[in-house]
Structures are given as structure tokens and as C-alpha cells.
Amino acid sequence: VHGDICLIMNLNDEAIFGPQTESRPLFYELVLPNEHTKVILRNGDLADTFADAILCIVDESIDFTKGTIANVMAKAGSAVAEEAATTFKSTSQQSLQTVHRFGPGGLRSPNLLIGIGPTWKNNSEEDCKKLGKSLHSCLSKAESLNFPIVAMSPYPFPDEISAKATFSALYEKFGMKKESMITKIILIVSDSSTFSIFEKELLRLKVEQEHRKTASTSGISKYNAKTLSLIHI
């Protein structure tokens, strides 16, 4: 597994995901404003993805039997699932900053990072801020462990809110930070309807980013990380 990961890290994106087509790209990419970290959006199965680490966020109920985490645990195997359940149960205080690392079991990626996210309560601004904290914690953990390529899936919020919250958190995390251990974030979406919503948001951000670059080079303005404030969700 480690040999496969090392090989993939030296290939370009088309070698990993296949050739692009004009009619329907197999993946989309967005270079974040730090010009160092790239987001790759593609269809697929998170549990079957190559990366240095898979990032999973479960809600406060710590339920590993539903959603993306259930598929990941099924692939990882019962030993990893039991270890994760025991670890979270034995931790006296859980918070949005809680992130635990586990071995891969049957996963193709060598590391599994699991964090805690908010439960959706129809309060989009507050819930999205909490989700941003959870994503920050997981990504900071990956940075501290020197994982350059990480894979994750959308958090189970309503799709449009999940897309905006995810990209907003990534912009806030990597907006002005030039140096980061994380060079690639692979965002895996399993169903076509969710993919279309994330695709639309990514393409919107690419257009906005190009406009900012044009304005910056003409001396009008420069990138402001607060532009993607959660109040626009």
C-alpha cells in the first residue's frame, strides 16, 4: 500500500483519475488562493481511494453505522471499527477539535483520521461555522502528521449548504497561508446529484478567483479571504 501511495504522489492528475474529455470531465480542480494547495473534485468511493490519509467527520452522536463513515468502516474491517468505537467512547470530552488517527485495515489509504462534526439543526450559519472548525481540526491534524495528499467526502448537511461550507472552510484554511504540508485535497462525491452541486460551486469559485486575479494585476484590488464569509450561505 505504501508503495502505491508513493507512486501516485509522483503522477499527474490525469494519470490518477484518467484522461479528461471536453463533454464531461472526470474530475475538476481548483487551486486555492495560497497557490500551493489544490482541490480535486471527482466521483468515486472514499473507502476505495488512494491518499496519504482519509478524513472522515462523524456527527456528535458518534454513529459509525450510517453515511460515508459506515462504508469506510465496512472496508476498513471490524477491528478498526471496534478500535474507533472504543476510542471515542473512552474519551471523556468530545469536541469539534477532537481528531483520532487509526490504521487502515482493509482501506487502500494507509491512515484514517476521524473527527467530530455538528448535528444539522437548521441553523445554517452557526452549523456551518461549526463544520468549518471540524474541517480545520482534521486538516491541521493531517498537516501535523506530514500527510501531503488527503481525501474526504461531503459532510451530511443539505447539499448546497455542505458545498458552500466545505469550500468556505478550505478557503479560510488555505486562503493566505503560502506554505502548507497539504498539497492536494481529493473531494470524493459518490452520487451524481451531489456532485453536480459541488461542481457548480467549484466552477463559480474558479470564475470569482480569475476575476480577483485580473483585478489584482490591474491594481484595482487583491484577494481578501473574508470574501467567502459564511453569511452568504
# chains A, B, ... in the order shown; residues from 1 in each chain; ligands from 1

$ select_by_dssp --residues "region 25-203 of chain A" --states "helix (DSSP H, G or I)" --output "ChimeraX atom specification"
/A:46-48,68-76,78-90,124-144,159-174,192-203

$ residues_around --residues "Leu55 (chain A)" --least-positions-apart "6" --cutoff "9 Å" --atoms "only C-alpha atoms" --output "ChimeraX atom specification"
/A:111-115,135,138-139,142,150-153

$ write_last_selection --atoms "all heavy atoms" --output "CSV table (one decimal), in the first residue's frame"
chain,number,residue,atom,x,y,z
A,111,ASN,N,-3.8,5.6,6.3
A,111,ASN,CA,-4.2,6.3,7.5
A,111,ASN,C,-5.7,6.7,7.4
A,111,ASN,O,-6.2,7.1,6.4
A,111,ASN,CB,-3.3,7.5,7.8
A,111,ASN,CG,-1.9,7.2,8.0
A,111,ASN,OD1,-1.5,6.8,9.1
A,111,ASN,ND2,-1.1,7.4,7.0
A,112,LEU,N,-6.3,6.7,8.6
A,112,LEU,CA,-7.7,7.1,8.7
A,112,LEU,C,-7.8,8.1,9.9
A,112,LEU,O,-7.5,7.8,11.0
A,112,LEU,CB,-8.7,5.9,9.0
A,112,LEU,CG,-10.1,6.2,9.3
A,112,LEU,CD1,-10.8,6.9,8.1
A,112,LEU,CD2,-10.9,4.9,9.6
A,113,LEU,N,-8.2,9.3,9.5
A,113,LEU,CA,-8.4,10.4,10.6
A,113,LEU,C,-9.9,10.6,10.7
A,113,LEU,O,-10.6,10.8,9.8
A,113,LEU,CB,-7.7,11.7,10.2
A,113,LEU,CG,-6.2,11.6,9.9
A,113,LEU,CD1,-5.7,13.0,9.6
A,113,LEU,CD2,-5.5,11.1,11.2
A,114,ILE,N,-10.4,10.5,12.0
A,114,ILE,CA,-11.8,10.7,12.2
A,114,ILE,C,-12.0,11.9,13.2
A,114,ILE,O,-11.4,11.9,14.3
A,114,ILE,CB,-12.5,9.5,12.8
A,114,ILE,CG1,-12.3,8.3,11.9
A,114,ILE,CG2,-14.0,9.7,13.1
A,114,ILE,CD1,-12.9,7.0,12.4
A,115,GLY,N,-12.8,12.8,12.8
A,115,GLY,CA,-13.1,14.0,13.7
A,115,GLY,C,-14.6,14.0,14.0
A,115,GLY,O,-15.4,13.2,13.5
A,135,LEU,N,-13.5,20.8,10.1
A,135,LEU,CA,-12.6,20.6,8.9
A,135,LEU,C,-11.2,21.1,9.2
A,135,LEU,O,-10.2,20.5,8.9
A,135,LEU,CB,-13.2,21.3,7.7
A,135,LEU,CG,-14.4,20.6,7.0
A,135,LEU,CD1,-15.0,21.5,6.0
A,135,LEU,CD2,-13.9,19.3,6.4
A,138,CYS,N,-9.4,18.5,11.4
A,138,CYS,CA,-8.9,17.4,10.7
A,138,CYS,C,-7.7,17.7,9.8
A,138,CYS,O,-6.7,17.0,9.7
A,138,CYS,CB,-10.0,16.8,9.8
A,138,CYS,SG,-11.2,15.9,10.8
A,139,LEU,N,-7.8,18.8,9.1
A,139,LEU,CA,-6.7,19.2,8.2
A,139,LEU,C,-5.5,19.6,8.9
A,139,LEU,O,-4.4,19.3,8.5
A,139,LEU,CB,-7.2,20.4,7.3
A,139,LEU,CG,-8.3,20.1,6.3
A,139,LEU,CD1,-8.9,21.3,5.7
A,139,LEU,CD2,-7.7,19.2,5.1
A,142,ALA,N,-3.8,16.4,9.8
A,142,ALA,CA,-3.1,15.9,8.7
A,142,ALA,C,-1.8,16.6,8.4
A,142,ALA,O,-0.8,16.0,8.1
A,142,ALA,CB,-4.0,15.9,7.4
A,150,VAL,N,-4.7,14.2,1.0
A,150,VAL,CA,-5.7,13.7,1.8
A,150,VAL,C,-7.0,13.6,1.0
A,150,VAL,O,-7.2,14.3,0.0
A,150,VAL,CB,-6.0,14.6,3.1
A,150,VAL,CG1,-4.8,14.7,3.9
A,150,VAL,CG2,-6.4,16.0,2.7
A,151,ALA,N,-7.9,12.7,1.4
A,151,ALA,CA,-9.2,12.5,0.7
A,151,ALA,C,-10.3,12.6,1.7
A,151,ALA,O,-10.2,12.2,2.9
A,151,ALA,CB,-9.2,11.1,0.0
A,152,MET,N,-11.4,13.2,1.2
A,152,MET,CA,-12.6,13.4,2.1
A,152,MET,C,-13.8,13.4,1.3
A,152,MET,O,-13.8,13.5,0.0
A,152,MET,CB,-12.4,14.7,2.9
A,152,MET,CG,-12.3,15.9,2.0
A,152,MET,SD,-12.0,17.5,2.9
A,152,MET,CE,-13.7,17.8,3.4
A,153,SER,N,-15.0,13.3,1.9
A,153,SER,CA,-16.3,13.3,1.3
A,153,SER,C,-17.1,14.5,1.9
A,153,SER,O,-16.8,14.9,3.0
A,153,SER,CB,-17.0,12.0,1.4
A,153,SER,OG,-16.5,11.1,0.5

$ residues_around --residues "Pro104 (chain A)" --least-positions-apart "6" --cutoff "9 Å" --atoms "only C-alpha atoms" --output "CSV table (one decimal) with N, CA and C atoms, in the first residue's frame"
chain,number,residue,atom,x,y,z
A,53,ALA,N,-4.0,10.0,3.6
A,53,ALA,CA,-5.0,9.8,4.7
A,53,ALA,C,-6.4,10.1,4.2
A,76,ALA,N,-12.7,-0.9,6.0
A,76,ALA,CA,-11.5,-1.0,7.0
A,76,ALA,C,-11.6,-2.3,7.7
A,77,GLY,N,-12.7,-2.8,8.1
A,77,GLY,CA,-12.9,-4.0,8.8
A,77,GLY,C,-13.3,-3.8,10.3
A,80,VAL,N,-10.8,-2.3,13.0
A,80,VAL,CA,-10.7,-0.8,13.0
A,80,VAL,C,-12.0,-0.2,13.6
A,110,PRO,N,-3.2,4.5,3.8
A,110,PRO,CA,-2.6,4.0,5.0
A,110,PRO,C,-3.0,4.6,6.3
A,111,ASN,N,-3.8,5.6,6.3
A,111,ASN,CA,-4.2,6.3,7.5
A,111,ASN,C,-5.7,6.7,7.4
A,112,LEU,N,-6.3,6.7,8.6
A,112,LEU,CA,-7.7,7.1,8.7
A,112,LEU,C,-7.8,8.1,9.9

$ closest_atom_pairs --of "region 32-78 of chain A" --to "region 198-208 of chain A" --cutoff "12 Å" --atoms "only C-alpha atoms" --output "CSV"
residue,atom,partner,partner_atom,distance
A:Leu32,CA,A:Lys206,CA,9.2
A:Pro33,CA,A:Lys206,CA,10.3
A:Lys38,CA,A:Leu202,CA,11.8
A:Val39,CA,A:Leu202,CA,9.2
A:Ile40,CA,A:Leu202,CA,9.7
A:Leu41,CA,A:Glu199,CA,7.4
A:Arg42,CA,A:Glu199,CA,8.9
A:Asn43,CA,A:Glu199,CA,10.4

$ closest_residue --among "A:Ile69, A:Met181, A:Ala47, A:Ile197" --to "Ser144 (chain A)" --atoms "only C-alpha atoms"
A:Met181

$ residues_around --residues "region 57-67 of chain A" --least-positions-apart "6" --cutoff "10 Å" --atoms "only C-alpha atoms" --output "ChimeraX atom specification"
/A:73-74,81-82,84-85,88-89,94-96,99,113-120,131,134-135,138,152-156

$ atom_distance --atom1 "CA of Val189 (chain A)" --atom2 "CA of Leu170 (chain A)"
16.4 Å

$ select_by_dssp --residues "region 32-189 of chain A" --states "strand (DSSP E)" --output "VMD selection string"
chain A and resid 38 to 43 53 to 58 99 to 102 112 to 116 149 to 152 184 to 189
